[in-house]
$ cat input-v9.cif   # mmCIF, C-alpha atoms
data_coords
#
loop_
_atom_site.label_atom_id
_atom_site.label_comp_id
_atom_site.auth_asym_id
_atom_site.auth_seq_id
_atom_site.Cartn_x
_atom_site.Cartn_y
_atom_site.Cartn_z
CA MET S 15 20.10 -3.51 -3.06
CA ALA S 16 16.86 -4.68 -1.64
CA ASP S 17 16.55 -8.24 -0.47
CA PRO S 18 14.23 -10.61 -2.30
CA MET S 19 10.60 -10.88 -1.33
CA ARG S 20 9.29 -14.04 0.18
CA ILE S 21 6.17 -15.09 -1.68
CA ARG S 22 3.87 -18.03 -1.08
CA ALA S 23 0.92 -18.81 -3.30
CA ALA S 24 -1.40 -21.67 -2.39
CA LEU S 25 -4.47 -22.93 -4.21
CA THR S 26 -7.50 -23.84 -2.07
CA GLY S 27 -10.58 -24.79 -4.06
CA ASP S 28 -10.60 -22.24 -6.88
CA VAL S 29 -9.01 -19.44 -4.87
CA VAL S 30 -5.29 -18.69 -4.80
CA GLU S 31 -4.11 -17.12 -1.56
CA VAL S 32 -0.91 -15.15 -1.94
CA LYS S 33 1.26 -14.06 0.97
CA VAL S 34 4.11 -11.64 0.39
CA LEU S 35 6.78 -10.47 2.79
CA MET S 36 8.88 -7.63 1.45
CA SER S 37 12.13 -6.34 2.82
CA HIS S 38 12.01 -2.56 2.98
CA PRO S 39 12.72 0.12 5.64
CA MET S 40 9.49 2.09 4.88
CA GLU S 41 10.93 5.34 6.27
CA THR S 42 8.23 7.95 6.74
CA GLY S 43 10.51 10.98 6.45
CA LEU S 44 9.25 12.18 9.84
CA ARG S 45 11.67 10.24 12.01
CA LYS S 46 14.93 11.69 13.31
CA ASP S 47 18.14 9.75 13.80
CA ALA S 48 20.24 9.68 16.97
CA SER S 49 21.95 12.98 16.09
CA GLY S 50 18.61 14.72 15.50
CA LYS S 51 18.82 14.83 11.72
CA PRO S 52 15.64 13.87 9.88
CA VAL S 53 15.76 10.51 8.15
CA PRO S 54 14.68 11.01 4.53
CA ALA S 55 11.47 9.34 3.40
CA HIS S 56 11.97 6.06 1.62
CA TYR S 57 8.95 3.86 1.21
CA ILE S 58 7.21 1.62 -1.29
CA GLU S 59 4.63 3.56 -3.31
CA THR S 60 3.34 0.98 -5.75
CA VAL S 61 2.79 -2.72 -5.57
CA LYS S 62 1.58 -4.78 -8.48
CA ALA S 63 0.83 -8.49 -8.61
CA SER S 64 0.10 -10.42 -11.76
CA CYS S 65 -0.55 -13.99 -12.82
CA LYS S 66 -0.26 -15.22 -16.41
CA GLY S 67 0.10 -11.65 -17.67
CA LYS S 68 -3.07 -10.42 -15.96
CA ASP S 69 -2.97 -7.98 -13.06
CA VAL S 70 -4.51 -9.50 -9.96
CA LEU S 71 -3.83 -6.65 -7.52
CA THR S 72 -2.46 -3.13 -7.59
CA ALA S 73 -1.84 -1.12 -4.48
CA GLU S 74 -0.77 2.42 -3.69
CA TRP S 75 0.94 2.78 -0.38
CA GLY S 76 1.83 5.68 1.84
CA PRO S 77 4.55 5.69 4.49
CA ALA S 78 2.08 4.30 7.04
CA VAL S 79 2.55 0.72 5.91
CA SER S 80 4.77 -1.07 8.41
CA LYS S 81 8.46 -1.74 7.92
CA ASN S 82 9.16 -4.97 6.02
CA PRO S 83 5.60 -4.97 4.68
CA PHE S 84 3.41 -8.03 4.76
CA LEU S 85 0.60 -8.40 2.28
CA SER S 86 -1.91 -11.14 1.67
CA PHE S 87 -4.64 -11.30 -0.95
CA LYS S 88 -6.80 -13.86 -2.76
CA PHE S 89 -7.70 -14.23 -6.43
CA LYS S 90 -9.49 -16.67 -8.71
CA GLY S 91 -8.29 -18.01 -12.04
CA GLY S 92 -4.91 -19.40 -11.05
CA ALA S 93 -3.90 -23.06 -11.33
CA LYS S 94 -1.20 -25.13 -9.71
CA GLY S 95 2.12 -24.50 -11.44
CA ASP S 96 1.20 -20.97 -12.60
CA LYS S 97 3.53 -18.20 -11.58
CA VAL S 98 2.51 -15.22 -9.49
CA SER S 99 4.74 -12.20 -9.94
CA VAL S 100 4.93 -9.29 -7.50
CA THR S 101 6.66 -5.97 -8.21
CA TRP S 102 7.19 -2.97 -5.97
CA LEU S 103 8.51 0.48 -6.70
CA ASP S 104 9.66 2.87 -3.99
CA THR S 105 10.14 6.61 -3.61
CA ALA S 106 13.85 6.30 -4.42
CA GLY S 107 13.01 4.76 -7.80
CA GLU S 108 14.21 1.34 -6.73
CA THR S 109 12.17 -1.58 -7.88
CA ARG S 110 12.13 -5.30 -7.34
CA THR S 111 10.19 -8.17 -8.88
CA ASP S 112 9.93 -11.69 -7.52
CA GLU S 113 7.94 -14.73 -8.53
CA ALA S 114 6.44 -17.75 -6.87
CA VAL S 115 4.81 -20.88 -8.26
CA ILE S 116 1.28 -21.65 -7.10
CA SER S 117 1.25 -24.84 -5.02
CA MET H 27 5.03 19.94 3.92
CA ASN H 28 2.97 18.31 1.21
CA MET H 29 4.16 20.58 -1.51
CA SER H 30 7.79 20.23 -0.56
CA ARG H 31 7.46 16.48 -0.61
CA ARG H 32 5.91 16.63 -4.05
CA ALA H 33 8.57 18.98 -5.31
CA PHE H 34 11.23 16.73 -3.84
CA LEU H 35 9.77 13.72 -5.62
CA GLN H 36 9.76 15.52 -8.92
CA VAL H 37 13.32 16.67 -8.49
CA SER H 38 14.54 13.26 -7.45
CA VAL H 39 12.77 11.54 -10.35
CA SER H 40 14.27 13.86 -12.94
CA GLY H 41 17.64 13.67 -11.20
CA THR H 42 17.56 9.90 -11.33
CA ALA H 43 16.70 10.02 -15.02
CA LEU H 44 19.70 12.26 -15.75
CA LEU H 45 22.03 10.04 -13.78
CA LEU H 46 20.91 6.95 -15.59
CA VAL H 47 21.14 8.26 -19.13
CA GLY H 48 24.76 7.19 -19.46
CA ALA H 49 24.46 4.01 -17.48
CA THR H 50 23.15 1.48 -19.96
CA GLY H 51 23.25 -1.31 -17.42
CA LEU H 52 20.64 0.50 -15.39
CA LEU H 53 18.30 1.26 -18.26
CA PRO H 54 15.62 -1.22 -17.21
CA ARG H 55 15.33 0.74 -13.99
CA LEU H 56 14.89 3.95 -15.92
CA ALA H 57 12.19 2.29 -17.98
CA ALA H 58 10.49 1.14 -14.81
CA ALA H 59 10.61 4.65 -13.37
CA ALA H 60 9.33 6.17 -16.60
CA THR H 61 6.35 3.85 -16.77
CA ASN H 62 5.57 4.17 -13.09
CA PRO H 63 1.89 5.09 -13.06
CA LEU H 64 2.35 6.58 -9.62
CA ALA H 65 5.07 9.07 -10.40
CA PRO H 66 3.77 12.31 -8.86
CA THR H 67 0.34 12.31 -10.44
CA ASP H 68 -3.21 12.49 -9.24
CA GLN H 69 -2.99 9.03 -7.79
CA ARG H 70 -0.73 10.32 -5.03
CA LYS H 71 -3.13 13.11 -4.15
CA PRO H 72 -5.34 11.06 -1.81
CA PHE H 73 -2.26 10.53 0.35
CA GLU H 74 -2.22 14.23 1.23
CA ALA H 75 -5.69 14.17 2.77
CA MET H 76 -6.04 14.56 6.52
CA THR H 77 -9.52 13.12 7.16
CA LEU H 78 -11.74 10.33 5.88
CA ASP H 79 -13.96 12.85 4.06
CA GLU H 80 -10.99 14.38 2.29
CA VAL H 81 -9.75 10.96 1.24
CA VAL H 82 -13.15 10.12 -0.23
CA LYS H 83 -13.29 13.44 -2.08
CA SER H 84 -9.78 13.09 -3.48
CA LEU H 85 -10.69 9.63 -4.74
CA GLY H 86 -13.57 11.16 -6.66
CA GLY H 87 -16.46 10.44 -4.30
CA THR H 88 -18.77 12.73 -2.40
CA LYS H 89 -19.31 10.93 0.89
CA ALA H 90 -18.87 7.53 2.47
CA THR H 91 -21.78 5.64 3.99
CA LYS H 92 -21.32 3.38 6.99
CA SER H 93 -21.87 -0.24 6.05
CA THR H 94 -22.11 -3.49 8.02
CA ASP H 95 -21.03 -5.52 4.98
CA ILE H 96 -17.38 -4.68 5.49
CA MET H 97 -15.36 -6.82 7.85
CA LEU H 98 -12.51 -4.99 9.55
CA GLN H 99 -10.30 -6.98 11.85
CA ALA H 100 -7.70 -5.14 13.91
CA PRO H 101 -6.53 -5.54 17.50
CA PRO H 102 -8.58 -3.43 19.99
CA ILE H 103 -5.33 -2.66 21.78
CA ALA H 104 -2.14 -2.41 19.76
CA GLU H 105 0.91 -2.54 22.00
CA ASN H 106 3.17 -1.43 19.18
CA GLY H 107 1.64 1.14 16.83
CA ALA H 108 4.39 0.51 14.30
CA VAL H 109 3.04 -2.93 13.45
CA VAL H 110 -0.74 -3.24 13.59
CA PRO H 111 -2.12 -6.22 11.69
CA VAL H 112 -5.26 -5.39 9.72
CA VAL H 113 -7.61 -7.66 7.79
CA ILE H 114 -10.34 -6.18 5.61
CA GLU H 115 -12.93 -8.11 3.67
CA SER H 116 -15.82 -6.59 1.75
CA LYS H 117 -19.11 -8.35 1.09
CA LEU H 118 -20.39 -5.47 -0.99
CA PRO H 119 -20.95 -6.35 -4.66
CA ASN H 120 -18.44 -5.05 -7.23
CA THR H 121 -15.84 -3.91 -4.74
CA LYS H 122 -13.17 -2.10 -6.71
CA MET H 123 -10.96 -0.71 -4.00
CA ILE H 124 -10.23 -1.10 -0.30
CA ALA H 125 -8.36 1.62 1.56
CA ILE H 126 -7.02 1.81 5.09
CA VAL H 127 -7.52 5.21 6.72
CA SER H 128 -6.47 6.40 10.16
CA GLU H 129 -7.19 10.04 10.87
CA LYS H 130 -4.69 10.71 13.65
CA ASN H 131 -1.77 9.77 11.42
CA PRO H 132 0.22 12.58 9.76
CA HIS H 133 -1.62 11.60 6.59
CA ALA H 134 -4.96 9.84 6.82
CA LEU H 135 -4.63 7.36 3.95
CA SER H 136 -2.31 4.47 4.74
CA ALA H 137 -2.80 2.25 1.72
CA ALA H 138 -5.21 1.67 -1.15
CA PHE H 139 -5.68 -1.71 -2.81
CA ARG H 140 -7.38 -2.06 -6.20
CA PHE H 141 -9.07 -5.28 -7.19
CA PRO H 142 -9.45 -6.23 -10.84
CA ASP H 143 -12.20 -8.74 -11.75
CA GLY H 144 -11.41 -12.16 -10.36
CA THR H 145 -9.63 -10.91 -7.26
CA GLU H 146 -11.42 -11.37 -3.95
CA PRO H 147 -12.14 -8.13 -2.06
CA TYR H 148 -9.89 -9.23 0.76
CA VAL H 149 -6.60 -7.89 2.00
CA MET H 150 -4.35 -8.50 4.99
CA THR H 151 -1.43 -6.23 5.82
CA ARG H 152 0.30 -4.39 8.66
CA VAL H 153 0.18 -0.62 9.15
CA LYS H 154 1.54 2.05 11.47
CA ILE H 155 -0.88 3.94 13.70
CA ALA H 156 0.40 7.08 15.43
CA GLU H 157 -1.98 7.20 18.38
CA THR H 158 -5.24 5.82 19.73
CA SER H 159 -7.87 6.50 17.09
CA ASN H 160 -10.55 5.02 14.91
CA LEU H 161 -9.25 2.89 12.09
CA TYR H 162 -11.39 3.08 8.97
CA ALA H 163 -11.82 0.52 6.22
CA LEU H 164 -12.96 2.45 3.17
CA VAL H 165 -14.49 0.51 0.28
CA GLN H 166 -15.27 1.78 -3.20
CA THR H 167 -17.88 -0.03 -5.26
CA ASP H 168 -19.93 0.82 -8.34
CA ALA H 169 -22.48 2.32 -5.93
CA GLY H 170 -20.07 4.70 -4.21
CA PHE H 171 -18.00 4.72 -1.04
CA PHE H 172 -18.68 2.78 2.14
CA TYR H 173 -16.78 2.41 5.37
CA THR H 174 -16.64 0.71 8.69
CA ASP H 175 -14.50 1.66 11.67
CA GLN H 176 -12.93 0.25 14.78
CA LEU H 177 -11.22 1.90 17.71
CA VAL H 178 -7.58 0.89 18.04
CA LYS H 179 -5.86 1.84 21.27
CA VAL H 180 -2.16 2.39 20.81
CA THR H 181 0.16 2.19 23.79
CA LEU H 182 3.34 2.90 21.81
CA GLY H 183 3.11 5.19 18.78
CA GLY H 184 4.03 4.02 15.31
CA CYS H 185 5.41 7.21 13.81
CA GLY H 186 8.51 9.00 14.99
CA GLY H 187 10.83 7.87 17.76
#

$ encode --input "input-v9.cif" --output "structure tokens"
Amino acid sequence: MADPMRIRAALTGDVVEVKVLMSHPMETGLRKDASGKPVPAHYIETVKASCKGKDVLTAEWGPAVSKNPFLSFKFKGGAKGDKVSVTWLDTAGETRTDEAVIS
Amino acid sequence: MNMSRRAFLQVSVSGTALLLVGATGLLPRLAAAATNPLAPTDQRKPFEAMTLDEVVKSLGGTKATKSTDIMLQAPPIAENGAVVPVVIESKLPNTKMIAIVSEKNPHALSAAFRFPDGTEPYVMTRVKIAETSNLYALVQTDAGFFYTDQLVKVTLGGCGG
């Protein structure tokens, strides 16, 4: 199924900066393949990030987010060694969760 | 097109549920699908809007006011519309949500990010832009909706082939 996400979480001062690179085709459903048949839509609809059981970011996406989406955000309240967990769910019902330790 | 997409989503969700009933190994996935807060509900509705105003209305606002306290960073000329890096940062107090809107796309709303307390109103991502148009950063705070915009020239479109 889907490849793992690459997640980096770094603490600077009291702010944790998280960078996530997901592996996903993000098909809009508007594109046609070489034989002219429409390629069905298949994109990530929901992204959720949490740290120590608390949500730090939720996002709703449309098909206009680029293929292999990159996302970066910042939150307070994390410490070195804490885990940041990111989950996505796509239009095909596939889901994937990955974790990274704050460094 | 919108309705058929919605109907398709509903059909595929229920179809997936049926398929998974017997497959115990895949039950966690079923649980995930069942608890998905974004299964075709009102939260998907803003994605059907075609203009900034419609997006604001579908998110429960009345109108968006232009604000200089939102920082929107995007390339003035995007060679490849399929990958346009965007950085948005809000200096408005109590920012709850940041959305990326581009009106010339098939659907105006590209993405919406919600910030619980403790999360900085900052986001960096990459979006597709169909053709040269204004890119809007829409911000929702306790005081309503605010936006800022920037013209992005696209030399190669990001949607379709």

$ resolve_selection --input "input-v9.cif" --expression "the PyMOL selection byres ((chain S and resi 104) around 8)" --output "list of chain:residue names"
S:His56, S:Tyr57, S:Ile58, S:Glu59, S:Thr60, S:Trp102, S:Leu103, S:Thr105, S:Ala106, S:Gly107, S:Glu108, S:Thr109

$ closest_residue --input "input-v9.cif" --among "H:Ile96, H:Met150, H:Arg70, H:Lys130" --to "Leu164 (chain H)" --atoms "all atoms listed in the file"
H:Ile96

$ atom_distance --input "input-v9.cif" --atom1 "CA of Val127 (chain H)" --atom2 "CA of Cys65 (chain S)"
28.3 Å

$ closest_atom_pairs --input "input-v9.cif" --of "chain S" --to "chain H" --cutoff "8 Å" --atoms "all atoms listed in the file" --output "tab-separated table"
residue	atom	partner	partner_atom	distance
S:Thr42	CA	H:Cys185	CA	7.6
S:Leu44	CA	H:Gly186	CA	6.1
S:Arg45	CA	H:Gly186	CA	4.5
S:Lys46	CA	H:Gly187	CA	7.2
S:Glu59	CA	H:Leu64	CA	7.4
S:Thr60	CA	H:Leu64	CA	6.9
S:Asp69	CA	H:Pro142	CA	7.1
S:Val70	CA	H:Thr145	CA	6.0
S:Leu71	CA	H:Phe141	CA	5.4
S:Thr72	CA	H:Arg140	CA	5.2
S:Ala73	CA	H:Phe139	CA	4.2
S:Glu74	CA	H:Ala138	CA	5.2
S:Trp75	CA	H:Ala137	CA	4.3
S:Gly76	CA	H:Ser136	CA	5.2
S:Pro77	CA	H:Ser136	CA	7.0
S:Ala78	CA	H:Ser136	CA	5.0
S:Val79	CA	H:Val153	CA	4.2
S:Ser80	CA	H:Val153	CA	4.7
S:Lys81	CA	H:Val109	CA	7.8
S:Pro83	CA	H:Arg152	CA	6.7
S:Phe84	CA	H:Thr151	CA	5.3
S:Leu85	CA	H:Thr151	CA	4.6
S:Ser86	CA	H:Met150	CA	4.9
S:Phe87	CA	H:Val149	CA	4.9
S:Lys88	CA	H:Glu146	CA	5.4
S:Phe89	CA	H:Thr145	CA	3.9
S:Lys90	CA	H:Gly144	CA	5.2
S:Gly91	CA	H:Gly144	CA	6.8
S:Leu103	CA	H:Asn62	CA	7.9
S:Thr105	CA	H:Leu35	CA	7.4
S:Ala106	CA	H:Ser38	CA	7.6
S:Gly107	CA	H:Ala59	CA	6.1
S:Glu108	CA	H:Arg55	CA	7.4
S:Thr109	CA	H:Arg55	CA	7.3

$ resolve_selection --input "input-v9.cif" --expression "the PyMOL selection byres ((chain S and resi 18) around 9)" --output "compact mmCIF listing (two decimals) with C-alpha atoms, in the coordinates of the input"
# COMPACT_ATOMS: atom_id res chain seq x y z
CA ALA S 16 16.86 -4.68 -1.64
CA ASP S 17 16.55 -8.24 -0.47
CA MET S 19 10.60 -10.88 -1.33
CA ARG S 20 9.29 -14.04 0.18
CA MET S 36 8.88 -7.63 1.45
CA SER S 37 12.13 -6.34 2.82
CA ARG S 110 12.13 -5.30 -7.34
CA THR S 111 10.19 -8.17 -8.88
CA ASP S 112 9.93 -11.69 -7.52

$ atom_distance --input "input-v9.cif" --atom1 "CA of Ser117 (chain S)" --atom2 "CA of Leu35 (chain S)"
17.3 Å

$ residues_near_point --input "input-v9.cif" --point "(-21.6, -3.5, -4.9)" --cutoff "8 Å" --atoms "all atoms listed in the file" --output "JSON, numbers by chain"
{"H": [118, 119, 120, 121, 167, 168, 169]}

$ atom_distance --input "input-v9.cif" --atom1 "CA of Lys122 (chain H)" --atom2 "CA of Ser64 (chain S)"
16.5 Å

$ resolve_selection --input "input-v9.cif" --expression "the PyMOL selection byres ((chain H and resi 180) around 9)" --output "ChimeraX atom specification"
/H:102-107,155-159,178-179,181-184

$ residues_around --input "input-v9.cif" --residues "Arg22 (chain S)" --least-positions-apart "2" --cutoff "7 Å" --atoms "only C-alpha atoms" --output "PyMOL selection string"
chain S and resi 20+24+32-34+114

$ build_atoms --input "input-v9.cif" --residues "region 69-93 of chain S" --atoms "N, CA and C atoms" --output "mmCIF file, in the coordinates of the input"
data_model
loop_
_atom_site.group_PDB
_atom_site.id
_atom_site.type_symbol
_atom_site.label_atom_id
_atom_site.label_comp_id
_atom_site.auth_asym_id
_atom_site.auth_seq_id
_atom_site.Cartn_x
_atom_site.Cartn_y
_atom_site.Cartn_z
ATOM 1 N N ASP S 69 -3.101 -8.575 -14.383
ATOM 2 C CA ASP S 69 -2.970 -7.980 -13.060
ATOM 3 C C ASP S 69 -4.001 -8.593 -12.114
ATOM 4 N N VAL S 70 -3.560 -8.992 -10.937
ATOM 5 C CA VAL S 70 -4.510 -9.500 -9.960
ATOM 6 C C VAL S 70 -4.670 -8.550 -8.767
ATOM 7 N N LEU S 71 -3.709 -7.648 -8.592
ATOM 8 C CA LEU S 71 -3.830 -6.650 -7.520
ATOM 9 C C LEU S 71 -2.883 -5.501 -7.812
ATOM 10 N N THR S 72 -3.376 -4.273 -7.611
ATOM 11 C CA THR S 72 -2.460 -3.130 -7.590
ATOM 12 C C THR S 72 -2.726 -2.392 -6.293
ATOM 13 N N ALA S 73 -1.686 -1.838 -5.734
ATOM 14 C CA ALA S 73 -1.840 -1.120 -4.480
ATOM 15 C C ALA S 73 -0.998 0.135 -4.501
ATOM 16 N N GLU S 74 -1.551 1.203 -3.912
ATOM 17 C CA GLU S 74 -0.770 2.420 -3.690
ATOM 18 C C GLU S 74 -0.589 2.547 -2.191
ATOM 19 N N TRP S 75 0.641 2.715 -1.798
ATOM 20 C CA TRP S 75 0.940 2.780 -0.380
ATOM 21 C C TRP S 75 1.473 4.145 0.011
ATOM 22 N N GLY S 76 1.196 4.522 1.246
ATOM 23 C CA GLY S 76 1.830 5.680 1.840
ATOM 24 C C GLY S 76 2.890 5.186 2.812
ATOM 25 N N PRO S 77 3.508 6.105 3.538
ATOM 26 C CA PRO S 77 4.550 5.690 4.490
ATOM 27 C C PRO S 77 3.986 4.964 5.709
ATOM 28 N N ALA S 78 2.670 4.899 5.850
ATOM 29 C CA ALA S 78 2.080 4.300 7.040
ATOM 30 C C ALA S 78 1.948 2.786 6.969
ATOM 31 N N VAL S 79 2.491 2.182 5.932
ATOM 32 C CA VAL S 79 2.550 0.720 5.910
ATOM 33 C C VAL S 79 3.804 0.319 6.684
ATOM 34 N N SER S 80 3.680 -0.712 7.502
ATOM 35 C CA SER S 80 4.770 -1.070 8.410
ATOM 36 C C SER S 80 6.051 -1.462 7.674
ATOM 37 N N LYS S 81 7.147 -1.319 8.405
ATOM 38 C CA LYS S 81 8.460 -1.740 7.920
ATOM 39 C C LYS S 81 8.419 -3.225 7.554
ATOM 40 N N ASN S 82 9.180 -3.599 6.545
ATOM 41 C CA ASN S 82 9.160 -4.970 6.020
ATOM 42 C C ASN S 82 7.715 -5.431 5.797
ATOM 43 N N PRO S 83 7.051 -4.804 4.830
ATOM 44 C CA PRO S 83 5.600 -4.970 4.680
ATOM 45 C C PRO S 83 5.174 -6.411 4.403
ATOM 46 N N PHE S 84 4.061 -6.753 5.017
ATOM 47 C CA PHE S 84 3.410 -8.030 4.760
ATOM 48 C C PHE S 84 2.107 -7.758 4.039
ATOM 49 N N LEU S 85 1.813 -8.593 3.063
ATOM 50 C CA LEU S 85 0.600 -8.400 2.280
ATOM 51 C C LEU S 85 0.034 -9.757 1.925
ATOM 52 N N SER S 86 -1.270 -9.905 2.090
ATOM 53 C CA SER S 86 -1.910 -11.140 1.670
ATOM 54 C C SER S 86 -3.176 -10.799 0.915
ATOM 55 N N PHE S 87 -3.417 -11.514 -0.178
ATOM 56 C CA PHE S 87 -4.640 -11.300 -0.950
ATOM 57 C C PHE S 87 -5.052 -12.605 -1.609
ATOM 58 N N LYS S 88 -6.276 -12.633 -2.164
ATOM 59 C CA LYS S 88 -6.800 -13.860 -2.760
ATOM 60 C C LYS S 88 -7.355 -13.546 -4.147
ATOM 61 N N PHE S 89 -7.107 -14.432 -5.100
ATOM 62 C CA PHE S 89 -7.700 -14.230 -6.430
ATOM 63 C C PHE S 89 -8.114 -15.563 -7.033
ATOM 64 N N LYS S 90 -9.021 -15.477 -8.001
ATOM 65 C CA LYS S 90 -9.490 -16.670 -8.710
ATOM 66 C C LYS S 90 -8.847 -16.714 -10.091
ATOM 67 N N GLY S 91 -8.778 -17.901 -10.666
ATOM 68 C CA GLY S 91 -8.290 -18.010 -12.040
ATOM 69 C C GLY S 91 -6.873 -18.522 -12.141
ATOM 70 N N GLY S 92 -6.257 -18.839 -11.017
ATOM 71 C CA GLY S 92 -4.910 -19.400 -11.050
ATOM 72 C C GLY S 92 -4.966 -20.913 -10.918
ATOM 73 N N ALA S 93 -3.967 -21.612 -11.454
ATOM 74 C CA ALA S 93 -3.900 -23.060 -11.330
ATOM 75 C C ALA S 93 -2.544 -23.439 -10.772
#
